[in-house]
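> Supplied structure: coords_27.cif, mmCIF, C-alpha atoms.
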```cif
data_input
#
loop_
_atom_site.label_atom_id
_atom_site.label_comp_id
_atom_site.auth_asym_id
_atom_site.auth_seq_id
_atom_site.Cartn_x
_atom_site.Cartn_y
_atom_site.Cartn_z
CA MET J 1146 56.73 49.30 53.00
CA LYS J 1147 53.04 48.77 53.64
CA THR J 1148 52.16 46.56 56.59
CA LYS J 1149 49.18 44.29 56.07
CA PHE J 1150 47.52 43.02 59.21
CA ILE J 1151 47.08 39.27 59.26
CA HIS J 1152 44.87 39.54 62.34
CA PRO J 1153 41.89 41.67 61.20
CA LEU J 1154 41.43 44.96 63.01
CA TRP J 1155 37.65 44.46 63.25
CA THR J 1156 38.24 41.95 66.04
CA HIS J 1157 38.87 45.01 68.26
CA ILE J 1158 35.38 46.45 67.63
CA PRO J 1159 34.03 45.64 71.16
CA ALA J 1160 36.90 47.60 72.75
CA ILE J 1161 36.49 50.52 70.34
CA LEU J 1162 32.70 50.61 70.90
CA ALA J 1163 33.18 50.62 74.68
CA LEU J 1164 35.70 53.46 74.43
CA LEU J 1165 33.38 55.47 72.15
CA ALA J 1166 30.43 54.86 74.50
CA ALA J 1167 32.41 56.25 77.45
CA VAL J 1168 33.59 59.29 75.45
CA VAL J 1169 30.08 60.08 74.12
CA PHE J 1170 28.46 59.61 77.55
CA THR J 1171 31.04 61.92 79.16
CA LEU J 1172 30.63 64.62 76.51
CA ARG J 1173 26.82 64.47 76.74
CA ALA J 1174 26.96 64.91 80.53
CA MET J 1175 28.77 68.26 80.20
CA PRO J 1176 29.13 70.55 82.02
CA LEU J 1177 30.58 68.44 84.84
CA PRO J 1178 31.03 69.90 88.34
CA ASP J 1179 34.54 71.23 88.86
CA PRO J 1180 36.14 70.40 91.27
CA ALA J 1181 34.62 66.94 91.36
CA PRO J 1182 35.34 64.01 93.68
CA LEU J 1183 38.15 61.96 92.14
CA HIS J 1184 38.89 59.26 94.69
CA PHE J 1185 36.63 57.34 97.03
CA THR J 1186 36.90 55.22 100.15
CA TRP J 1187 35.75 51.58 100.15
CA SER J 1188 32.35 52.75 101.39
CA GLY J 1189 32.10 55.14 98.39
CA GLN J 1190 32.69 58.43 100.23
CA PRO J 1191 34.86 60.96 98.33
CA ASP J 1192 38.29 61.56 99.89
CA ARG J 1193 40.00 63.62 97.16
CA TYR J 1194 38.79 66.27 94.69
CA GLY J 1195 40.10 67.57 91.38
CA SER J 1196 39.19 68.17 87.73
CA PRO J 1197 36.58 65.67 86.43
CA TRP J 1198 38.55 65.52 83.16
CA MET J 1199 41.33 63.65 84.97
CA SER J 1200 39.18 60.55 85.06
CA ALA J 1201 38.06 60.91 81.41
CA ILE J 1202 41.62 61.44 80.08
CA TRP J 1203 43.05 58.53 82.12
CA GLN J 1204 40.30 56.18 81.05
CA ALA J 1205 40.68 57.13 77.37
CA ALA J 1206 44.51 57.01 77.42
CA ILE J 1207 44.69 53.61 79.16
CA SER J 1208 42.00 52.26 76.81
CA VAL J 1209 43.92 53.42 73.72
CA LEU J 1210 47.12 51.86 75.13
CA CYS J 1211 45.29 48.56 75.74
CA ILE J 1212 43.90 48.54 72.19
CA ILE J 1213 47.33 49.29 70.64
CA LEU J 1214 48.97 46.60 72.79
CA SER J 1215 46.27 44.13 71.85
CA VAL J 1216 46.66 44.88 68.11
CA VAL J 1217 50.39 44.20 68.45
CA LEU J 1218 49.97 40.97 70.44
CA ASP J 1219 47.19 39.65 68.18
CA GLU J 1220 49.26 40.35 65.08
CA ALA J 1221 52.24 38.55 66.61
CA TRP J 1222 50.00 35.58 67.43
CA ALA J 1223 48.47 35.47 63.93
CA ARG J 1224 51.85 35.64 62.18
CA GLN J 1225 53.17 32.53 63.90
CA GLU J 1226 49.99 30.49 63.33
CA ARG J 1227 50.33 27.50 61.04
CA GLN J 1228 46.63 26.70 61.46
CA LYS J 1229 43.69 28.55 62.97
CA THR J 1230 43.88 28.62 66.76
CA PHE J 1231 41.72 30.48 69.27
CA ASN J 1232 43.64 33.48 70.56
CA TRP J 1233 42.50 34.10 74.14
CA ILE J 1234 44.84 37.08 74.41
CA SER J 1235 42.65 38.86 71.84
CA LEU J 1236 39.98 39.30 74.56
CA PHE J 1237 42.36 41.35 76.70
CA ASP J 1238 41.58 44.81 75.29
CA ASP J 1239 37.83 44.18 74.95
CA VAL J 1240 37.42 43.10 78.58
CA THR J 1241 39.73 45.80 79.98
CA VAL J 1242 38.31 48.67 77.93
CA ALA J 1243 34.70 47.61 78.61
CA ALA J 1244 35.43 47.53 82.37
CA LEU J 1245 37.12 50.94 82.24
CA ALA J 1246 34.26 52.41 80.19
CA THR J 1247 31.70 51.11 82.71
CA VAL J 1248 33.59 52.73 85.57
CA GLN J 1249 33.77 56.01 83.64
CA ILE J 1250 30.09 55.97 82.67
CA THR J 1251 28.87 55.18 86.20
CA TYR J 1252 31.25 57.83 87.58
CA VAL J 1253 29.90 60.51 85.21
CA ASP J 1254 26.35 59.40 86.01
CA MET J 1255 27.11 59.83 89.72
CA LEU J 1256 28.51 63.35 89.07
CA ALA J 1257 25.41 64.29 87.09
CA SER J 1258 23.14 63.14 89.97
CA SER J 1259 24.97 65.50 92.40
CA ASN J 1260 24.94 62.70 95.02
CA TYR J 1261 28.68 62.19 95.45
CA VAL J 1262 28.64 58.66 96.83
CA TYR J 1263 30.30 56.09 94.58
CA PRO J 1264 30.45 52.48 95.70
CA PHE J 1265 32.48 50.62 93.09
CA PRO J 1266 30.06 49.23 90.45
CA TRP J 1267 31.26 45.61 90.55
CA ALA J 1268 28.08 44.15 89.10
CA TRP J 1269 27.89 46.53 86.12
CA THR J 1270 31.60 46.16 85.45
CA ILE J 1271 31.40 42.37 85.41
CA VAL J 1272 28.32 42.41 83.17
CA ALA J 1273 29.94 44.85 80.69
CA ALA J 1274 33.21 42.88 80.65
CA ALA J 1275 31.30 39.62 80.10
CA LEU J 1276 29.29 41.13 77.23
CA ALA J 1277 32.44 42.49 75.60
CA ALA J 1278 34.17 39.12 76.09
CA GLY J 1279 31.18 37.33 74.51
CA LEU J 1280 31.22 39.57 71.43
CA ALA J 1281 35.02 39.31 71.23
CA ILE J 1282 34.83 35.49 71.35
CA VAL J 1283 32.34 35.53 68.45
CA LEU J 1284 34.58 37.86 66.42
CA GLU J 1285 37.72 35.83 67.21
CA ARG J 1286 35.92 32.68 66.03
CA MET J 1287 34.81 34.49 62.83
CA ARG J 1288 38.36 35.66 62.13
CA PRO J 1289 39.66 34.05 58.93
CA PHE J 1290 42.96 32.18 59.02
CA ARG J 1291 45.62 33.78 56.85
CA ARG J 1292 49.03 32.22 56.59
CA TYR J 1293 51.88 34.70 56.94
CA GLU J 1294 53.95 34.04 53.83
CA SER J 1295 56.28 36.98 53.42
CA SER J 1296 59.16 35.29 55.22
CA LEU J 1297 58.95 32.12 53.15
CA VAL J 1298 60.57 33.52 50.01
CA ILE J 1299 63.69 31.53 49.24
CA GLU J 1300 66.43 33.63 47.72
CA ASP J 1301 69.20 32.41 45.41
CA MET J 1302 72.40 33.22 47.22
CA GLY J 1303 74.96 32.18 44.60
CA GLN J 1304 75.71 35.74 43.50
CA VAL J 1305 75.96 37.00 47.12
CA LYS J 1306 78.43 34.22 47.93
CA VAL J 1307 80.57 35.06 44.87
CA GLU J 1308 80.54 38.75 45.74
CA VAL J 1309 81.42 38.28 49.41
CA SER J 1310 84.14 35.73 48.54
CA ARG J 1311 85.69 38.21 46.11
CA ILE J 1312 85.69 40.99 48.75
CA VAL J 1313 87.14 38.69 51.43
CA LYS J 1314 89.88 37.32 49.13
CA ALA J 1315 90.82 40.85 48.03
CA GLY J 1316 91.17 41.83 51.69
CA GLN J 1317 88.74 44.73 51.22
CA PRO J 1318 86.67 46.11 54.08
CA LEU J 1319 83.11 44.79 54.02
CA PHE J 1320 79.89 46.13 55.49
CA TYR J 1321 76.61 44.22 55.55
CA TRP J 1322 73.58 45.92 57.06
CA GLU J 1323 70.02 44.89 57.88
CA VAL J 1324 67.24 46.51 59.86
CA GLN J 1325 64.27 45.05 61.70
CA ASN J 1326 62.00 47.96 62.52
CA PRO J 1327 58.38 46.80 62.23
CA THR J 1328 55.39 49.12 62.57
CA TYR J 1329 54.52 47.97 66.09
CA SER J 1330 57.98 48.89 67.35
CA ARG J 1331 57.64 52.37 65.78
CA VAL J 1332 54.26 52.77 67.49
CA LEU J 1333 55.79 51.64 70.80
CA ALA J 1334 58.64 54.11 70.33
CA VAL J 1335 56.60 57.12 69.22
CA VAL J 1336 52.84 56.95 69.93
CA VAL J 1337 52.95 55.20 73.31
CA PRO J 1338 55.61 57.55 74.81
CA LEU J 1339 53.57 60.55 73.59
CA LEU J 1340 50.44 59.17 75.27
CA MET J 1341 52.47 58.46 78.42
CA VAL J 1342 53.74 62.04 78.48
CA VAL J 1343 50.15 63.35 78.16
CA VAL J 1344 49.07 61.12 81.04
CA ALA J 1345 52.16 62.13 83.06
CA VAL J 1346 51.44 65.84 82.60
CA THR J 1347 47.76 65.52 83.51
CA ALA J 1348 48.56 63.40 86.57
CA TRP J 1349 51.44 65.60 87.80
CA THR J 1350 49.42 67.65 90.33
CA GLU J 1351 47.51 64.64 91.67
CA VAL J 1352 49.98 61.73 91.65
CA PRO J 1353 53.50 63.04 90.95
CA TRP J 1354 55.26 59.72 91.61
CA PHE J 1355 53.09 58.05 88.96
CA SER J 1356 53.90 60.88 86.50
CA VAL J 1357 57.61 60.32 87.06
CA ILE J 1358 57.26 56.57 86.41
CA MET J 1359 55.18 57.20 83.27
CA ALA J 1360 57.72 59.74 81.98
CA LEU J 1361 60.66 57.40 82.64
CA VAL J 1362 58.94 54.44 80.97
CA GLY J 1363 57.99 56.75 78.05
CA ILE J 1364 61.62 57.86 77.62
CA ALA J 1365 62.82 54.24 77.83
CA LEU J 1366 60.31 53.23 75.12
CA ALA J 1367 61.34 56.17 72.89
CA LEU J 1368 64.92 54.86 73.01
CA ILE J 1369 63.91 51.71 71.09
CA TYR J 1370 63.13 53.95 68.06
CA GLY J 1371 65.02 52.53 65.11
CA GLY J 1372 64.52 48.86 65.96
CA PHE J 1373 67.29 46.24 65.72
CA ARG J 1374 70.21 46.66 63.29
CA THR J 1375 72.39 43.75 62.29
CA ILE J 1376 75.85 44.69 61.06
CA VAL J 1377 78.36 42.22 59.65
CA THR J 1378 81.95 43.22 58.92
CA ARG J 1379 85.01 41.07 58.29
CA GLU J 1380 85.83 41.35 61.98
CA ALA J 1381 82.51 40.98 63.78
CA VAL J 1382 78.77 40.35 63.75
CA MET J 1383 76.88 42.96 65.74
CA VAL J 1384 73.31 43.66 66.75
CA ARG J 1385 72.50 47.21 67.81
CA MET J 1386 69.27 48.64 69.13
CA GLY J 1387 67.37 51.88 69.05
CA LEU J 1388 68.06 55.55 68.88
CA LEU J 1389 71.40 55.37 70.66
CA GLY J 1390 72.61 52.26 68.83
CA ILE J 1391 73.00 50.32 72.08
CA ARG J 1392 75.12 47.24 71.37
CA LEU J 1393 73.22 44.05 72.19
CA LEU J 1394 75.64 41.57 70.68
CA ARG J 1395 79.17 41.59 69.31
CA LEU J 1396 80.70 38.35 68.15
CA LYS J 1397 84.12 38.27 66.55
CA THR J 1398 83.92 36.37 63.26
CA SER J 1399 87.03 34.45 64.37
CA ASP J 1400 85.00 33.18 67.37
CA ILE J 1401 82.16 31.81 65.22
CA THR J 1402 82.34 28.10 64.43
CA SER J 1403 79.14 27.75 62.39
CA VAL J 1404 76.09 29.58 61.12
CA GLU J 1405 72.89 28.09 59.78
CA LEU J 1406 69.46 29.12 58.60
CA HIS J 1407 66.96 28.65 61.43
CA SER J 1408 63.14 28.68 61.48
CA PHE J 1409 61.38 29.24 64.76
CA SER J 1410 58.07 30.14 66.33
CA PRO J 1411 58.46 33.49 68.13
CA LEU J 1412 55.73 32.75 70.68
CA LYS J 1413 56.18 29.02 71.18
CA ASP J 1414 59.99 28.97 71.18
CA PHE J 1415 60.73 32.32 72.80
CA GLY J 1416 57.45 33.60 74.25
CA GLY J 1417 57.48 36.83 72.26
CA TYR J 1418 59.68 39.30 70.41
CA GLY J 1419 62.72 41.34 71.37
CA ILE J 1420 65.76 40.05 73.25
CA ARG J 1421 64.72 36.55 74.21
CA PHE J 1422 66.23 33.43 75.77
CA ASN J 1423 65.41 29.77 75.76
CA ARG J 1424 67.36 26.74 76.95
CA GLU J 1425 69.32 26.52 73.73
CA MET J 1426 70.11 30.07 72.70
CA LYS J 1427 69.80 33.81 73.08
CA ALA J 1428 67.75 35.49 70.35
CA TYR J 1429 67.35 38.97 68.91
CA PHE J 1430 64.35 39.62 66.67
CA LEU J 1431 61.43 42.02 66.33
CA LYS J 1432 59.55 40.25 63.55
CA GLY J 1433 59.47 37.18 61.32
CA ASP J 1434 60.10 33.57 62.12
CA ARG J 1435 63.49 32.93 60.51
CA GLY J 1436 67.03 34.00 61.14
CA ALA J 1437 70.70 33.08 61.33
CA LYS J 1438 71.64 30.71 64.15
CA ILE J 1439 75.24 31.28 65.14
CA THR J 1440 77.33 28.90 67.23
CA ALA J 1441 80.31 30.47 68.98
CA ARG J 1442 83.58 28.78 69.91
CA THR J 1443 82.43 28.84 73.55
CA GLY J 1444 79.48 26.63 72.58
CA LYS J 1445 76.95 29.43 73.12
CA LYS J 1446 74.28 29.82 70.46
CA TYR J 1447 72.74 33.04 69.22
CA LEU J 1448 69.81 33.65 66.91
CA ILE J 1449 69.61 36.85 64.88
CA GLY J 1450 66.17 37.36 63.32
CA SER J 1451 66.26 38.62 59.77
CA ASP J 1452 64.04 39.72 56.89
CA HIS J 1453 66.64 38.18 54.56
CA PRO J 1454 67.89 35.16 56.52
CA GLU J 1455 69.46 33.41 53.51
CA ARG J 1456 71.45 36.52 52.67
CA LEU J 1457 72.57 37.07 56.28
CA THR J 1458 73.55 33.41 56.72
CA THR J 1459 75.42 33.37 53.38
CA VAL J 1460 77.36 36.54 54.20
CA ILE J 1461 78.44 35.27 57.65
CA SER J 1462 79.25 31.75 56.46
CA THR J 1463 81.33 33.08 53.54
CA ILE J 1464 83.28 35.39 55.86
CA ILE J 1465 84.05 32.66 58.41
CA GLY J 1466 84.93 30.31 55.54
CA MET S 662 72.84 46.10 52.02
CA LEU S 663 76.34 45.01 51.18
CA LEU S 664 79.12 47.57 50.70
CA SER S 665 82.86 47.32 50.31
CA ILE S 666 85.71 49.66 49.50
CA ASN S 667 88.25 48.71 46.87
CA GLU S 668 91.52 50.55 47.48
CA GLN S 669 92.77 49.54 44.01
CA ASP S 670 89.81 51.29 42.39
CA PRO S 671 90.94 54.66 40.96
CA ARG S 672 87.53 56.22 41.71
CA PRO S 673 87.17 58.21 44.95
CA VAL S 674 85.75 56.25 47.90
CA TYR S 675 82.58 58.37 48.06
CA VAL S 676 81.87 57.57 44.38
CA GLN S 677 82.28 53.85 45.14
CA ILE S 678 79.72 54.16 47.94
CA VAL S 679 77.31 56.15 45.73
CA ASN S 680 77.56 53.57 42.93
CA GLN S 681 77.14 50.59 45.26
CA ILE S 682 74.05 52.06 46.94
CA LYS S 683 72.56 52.75 43.49
CA GLU S 684 73.32 49.15 42.46
CA GLN S 685 71.64 47.80 45.61
CA ILE S 686 68.51 49.82 44.74
CA GLN S 687 68.62 48.65 41.13
CA ARG S 688 68.92 45.00 42.25
CA GLY S 689 66.02 45.43 44.66
CA ASN S 690 68.11 44.82 47.79
CA LEU S 691 67.20 48.32 48.94
CA LYS S 692 63.64 49.52 48.52
CA SER S 693 61.91 52.84 48.89
CA GLY S 694 61.66 53.70 52.60
CA ASP S 695 64.50 51.37 53.66
CA GLU S 696 66.77 52.87 56.29
CA LEU S 697 70.49 53.24 55.71
CA PRO S 698 73.17 53.08 58.38
CA SER S 699 74.17 56.25 60.14
CA VAL S 700 77.20 58.13 58.83
CA ARG S 701 79.15 57.27 61.97
CA GLU S 702 78.25 53.57 61.86
CA LEU S 703 79.16 53.14 58.19
CA ALA S 704 82.39 55.13 58.46
CA ALA S 705 83.54 53.21 61.54
CA SER S 706 82.73 49.81 60.03
CA LEU S 707 84.48 50.53 56.71
CA GLY S 708 87.40 52.31 58.36
CA ILE S 709 86.88 55.51 56.39
CA ASN S 710 86.35 59.16 57.26
CA MET S 711 82.86 60.30 58.26
CA HIS S 712 83.10 63.18 55.77
CA THR S 713 83.46 60.65 52.95
CA VAL S 714 80.22 58.91 53.91
CA ARG S 715 78.51 62.26 54.46
CA ARG S 716 79.60 63.36 50.98
CA ALA S 717 78.29 60.14 49.41
CA TYR S 718 74.92 60.53 51.19
CA GLY S 719 74.86 64.21 50.14
CA VAL S 720 75.37 63.28 46.47
CA LEU S 721 72.58 60.69 46.68
CA ARG S 722 70.29 63.20 48.36
CA ASP S 723 70.99 65.78 45.65
CA GLN S 724 70.09 63.13 43.07
CA LYS S 725 66.84 62.49 45.05
CA ILE S 726 67.83 58.88 45.66
CA LEU S 727 68.09 59.29 49.43
CA ALA S 728 65.92 61.43 51.68
CA PHE S 729 67.05 62.78 55.01
CA ARG S 730 67.16 65.93 57.05
CA LEU S 731 69.77 67.04 59.54
CA GLY S 732 70.01 64.51 62.36
CA GLN S 733 67.65 62.06 60.68
CA GLN S 734 68.32 58.53 59.54
CA ALA S 735 68.88 58.41 55.77
CA LYS S 736 66.19 56.51 53.89
CA VAL S 737 65.80 55.41 50.30
CA ALA S 738 63.53 58.00 48.65
CA LYS S 739 60.39 57.21 46.73
CA LEU S 740 61.50 55.86 43.38
CA ARG S 741 60.18 57.23 40.11
CA SER S 742 56.93 55.71 38.91
CA GLN S 743 57.37 57.33 35.46
CA PRO S 744 60.55 57.46 33.33
CA ALA S 745 62.40 60.80 33.40
CA SER S 746 61.79 63.33 30.62
CA GLY S 747 64.03 63.39 27.52
CA GLU S 748 65.71 66.59 28.71
CA GLU S 749 66.52 65.13 32.12
CA VAL S 750 67.87 61.94 30.56
CA ALA S 751 70.05 63.99 28.20
CA ALA S 752 71.32 66.10 31.11
CA VAL S 753 72.16 63.12 33.34
CA LEU S 754 73.28 60.49 30.84
CA GLY S 755 74.16 62.36 27.63
CA GLU S 756 77.66 63.43 28.55
CA ARG S 757 78.58 60.09 30.14
CA LEU S 758 77.20 58.20 27.18
CA GLN S 759 79.32 60.34 24.86
CA GLU S 760 82.41 59.52 26.95
CA LEU S 761 81.60 55.79 26.75
CA LEU S 762 81.10 55.96 22.98
CA THR S 763 84.45 57.69 22.61
CA GLU S 764 86.15 55.02 24.74
CA ALA S 765 84.44 52.30 22.67
CA PHE S 766 85.63 53.94 19.43
CA LEU S 767 89.20 54.12 20.77
CA LEU S 768 88.96 50.44 21.71
CA GLY S 769 88.11 49.73 18.10
CA LEU S 770 84.45 48.80 18.66
CA SER S 771 81.88 49.40 15.92
CA PRO S 772 78.44 50.88 16.78
CA ASP S 773 76.99 47.34 16.51
CA ASP S 774 79.63 45.99 18.90
CA PHE S 775 78.73 48.76 21.35
CA ARG S 776 74.99 47.99 21.01
CA ASN S 777 75.68 44.28 21.66
CA LEU S 778 77.75 45.21 24.71
CA VAL S 779 74.91 47.32 26.14
CA ASN S 780 72.34 44.58 25.42
CA ALA S 781 74.55 41.95 27.08
CA GLN S 782 74.89 44.17 30.16
CA ILE S 783 71.10 44.72 30.37
CA TYR S 784 70.52 40.97 30.04
CA LYS S 785 73.07 40.33 32.80
CA LEU S 786 71.30 42.78 35.11
CA LYS S 787 67.93 41.14 34.45
CA GLU S 788 69.32 37.68 35.14
CA GLN S 789 71.18 38.74 38.27
CA PRO S 790 69.71 37.19 41.42
CA LYS S 791 68.47 39.70 43.98
#
```
As structure tokens, please, write out the structure in this file.

Amino acid sequence: MKTKFIHPLWTHIPAILALLAAVVFTLRAMPLPDPAPLHFTWSGQPDRYGSPWMSAIWQAAISVLCIILSVVLDEAWARQERQKTFNWISLFDDVTVAALATVQITYVDMLASSNYVYPFPWAWTIVAAALAAGLAIVLERMRPFRRYESSLVIEDMGQVKVEVSRIVKAGQPLFYWEVQNPTYSRVLAVVVPLLMVVVAVTAWTEVPWFSVIMALVGIALALIYGGFRTIVTREAVMVRMGLLGIRLLRLKTSDITSVELHSFSPLKDFGGYGIRFNREMKAYFLKGDRGAKITARTGKKYLIGSDHPERLTTVISTIIG
Amino acid sequence: MLLSINEQDPRPVYVQIVNQIKEQIQRGNLKSGDELPSVRELAASLGINMHTVRRAYGVLRDQKILAFRLGQQAKVAKLRSQPASGEEVAAVLGERLQELLTEAFLLGLSPDDFRNLVNAQIYKLKEQPK
């Protein structure tokens, strides 16, 4: 299924331009001295040496991560908008990448001058970040408002109800299955871990503890590959996650007192996507703004996000009678 | 995706799974690229043997309805954009159609009755909610 971005990708142009500027400046400054100073004291004196590419690879990798994260967050913001609002989070990648690019450019400039003293360029960094923020604010204001409609299709559930009733009355085993595996979660599970492994390998000789953390976080992210799966049988409603099918929720159908269709705002009601809590309920969703709200005999409430919330609600309600 | 196993049905369980997955695709409940449950997950939930599910998935893969490689999640394959050639239609449907016509004849149906039956079934499929 094709994913159309509601939040236009051109709003990330300042970040992409800053990244390209740093890459081009670094490539034009070749050949760089090797070994080169990599770390500096507060006064700007070098205190550790290594390959000059370390800095370039780190800056590029962290910038790409910031841009990917920002695309995901902006898209999540745009999909829950009911009217145009100014998304301050959209400035995150532009400011961060511009600051990183400034540090990289001034660092390469210092290497090219052969005078290895590098006081941190606060002024240039602040100016570049402010310029990027200014351009990003203009682009965010220019961004058109597009209402996310795909989850507003109302399905006729009469036939589903008849079918499930027939299966339940006949005492046959039943299996209902749904997947929420949006593009951003695939990117988080595949692209980001790969980038983290690259960073971990390049950093291994210099900062091994950081490499270990990056590798562990990368492996943890890879495990979310496959998204959330909702399974309904005659006996239970289950939500499983990721590559290993880790069980997030298992509710016996005999313990469910009611189920209803529920609309929500992912950001306003739960502060994001994934396994979320609020005062009323525990929720499991990776996309969309509708789902099945289940009330258990214990009084606890659970929300299972769904691409077909009417169907999911109908199946559960028919099973519990 | 909604599946169930009918123990009263004389057809083998794997055939029931194959037919139900095809129906879900035909109704639009499953679309090209949609992921299917793992063999283990489906077998455990329906209380059937894993080999049965594996056989059903294998049949659907051979018919190019599912796409998967060893160890990969099964997905609905890209559906045809063009109707199959006359030869392929004859190879896949010819024999079964002949069987149905024979059954219809033995039930005392005329060719017109059979045509009406087919038309009614097509109309029912079109009207069926997704």
> Need the shell around Glu1285 of chain J: protein/DNA/RNA residues with any atom at most 10 Å away, counting all atoms listed in the file. Skip same-chain ones fewer than 3 positions apart. Format as a PyMOL selection string?
chain J and resi 1152-1153+1155-1157+1230-1233+1235-1236+1279-1282+1288-1289
> Please list, as number ranges by chain, the residues that have an atom at most 12 Å away from (59.9, 54.3, 55.5) in the coordinates of this file, counting only C-alpha atoms.
J: 1146-1148, 1324-1328, 1331, 1371; S: 691-697, 727-729, 734-739
> Calculated over all atoms listed in the file, which of the candidates J:Ala1277, J:Met1302, J:Leu1396, J:Ala1437 has the smallest distance to chain S?
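Closest candidate: J:Met1302.
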> Can you report as JSON the centre and edge lengths in Å, to one decimal, of an axis-aligned box around the listed atoms of segment 674-679 of chain S padded with 8 Å on each side?

```
{"center_x": 81.5, "center_y": 56.1, "center_z": 46.2, "size_x": 24.4, "size_y": 20.5, "size_z": 19.7}
```
> So, counting only C-alpha atoms, which residue among J:Leu1276, J:Ala1257, J:Val1382, J:Ile1369 is closest to Pro1176 of chain J?
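Closest residue, counting only C-alpha atoms: J:Ala1257.
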> Check what the PyMOL selection byres ((chain S) within 7 of (chain J)) selects in the file above and give those residues as a list in words.
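What the PyMOL selection byres ((chain S) within 7 of (chain J)) grabs from the file is Met662, Leu663, Leu664, Ser665, Ile666, Asn667, Gly694, Ser706, Leu707 and Pro790 of chain S.
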> Check what the PyMOL selection byres ((chain J and resi 1265) around 10) selects in the file above and give those residues as an MDAnalysis selection string.
chainID J and resid 1185:1189 1248 1251:1252 1262:1264 1266:1270
> Pull the neighbourhood of (62.7, 54.8, 72.7) for me: all residues within 12 Å in file coordinates, counting all atoms listed in the file, as a PyMOL selection string.
chain J and resi 1330-1339+1360-1373+1386-1391
> Evaluated on this file, the PyMOL selection byres ((chain J and resi 1400) around 9) picks out some residues - which ones are they, written as a compact mmCIF listing (two decimals) with C-alpha atoms, in the coordinates of the input?

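That gives us selection_11.txt:
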```txt
# COMPACT_ATOMS: atom_id res chain seq x y z
CA ALA J 1381 82.51 40.98 63.78
CA LEU J 1396 80.70 38.35 68.15
CA LYS J 1397 84.12 38.27 66.55
CA THR J 1398 83.92 36.37 63.26
CA SER J 1399 87.03 34.45 64.37
CA ILE J 1401 82.16 31.81 65.22
CA THR J 1402 82.34 28.10 64.43
CA THR J 1440 77.33 28.90 67.23
CA ALA J 1441 80.31 30.47 68.98
CA ARG J 1442 83.58 28.78 69.91
CA THR J 1443 82.43 28.84 73.55
```
> How far is it from atom CA of Ser1403 of chain J to atom CA of Gln685 of chain S, in Å with one decimal?
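So the answer is 27.2 Å.
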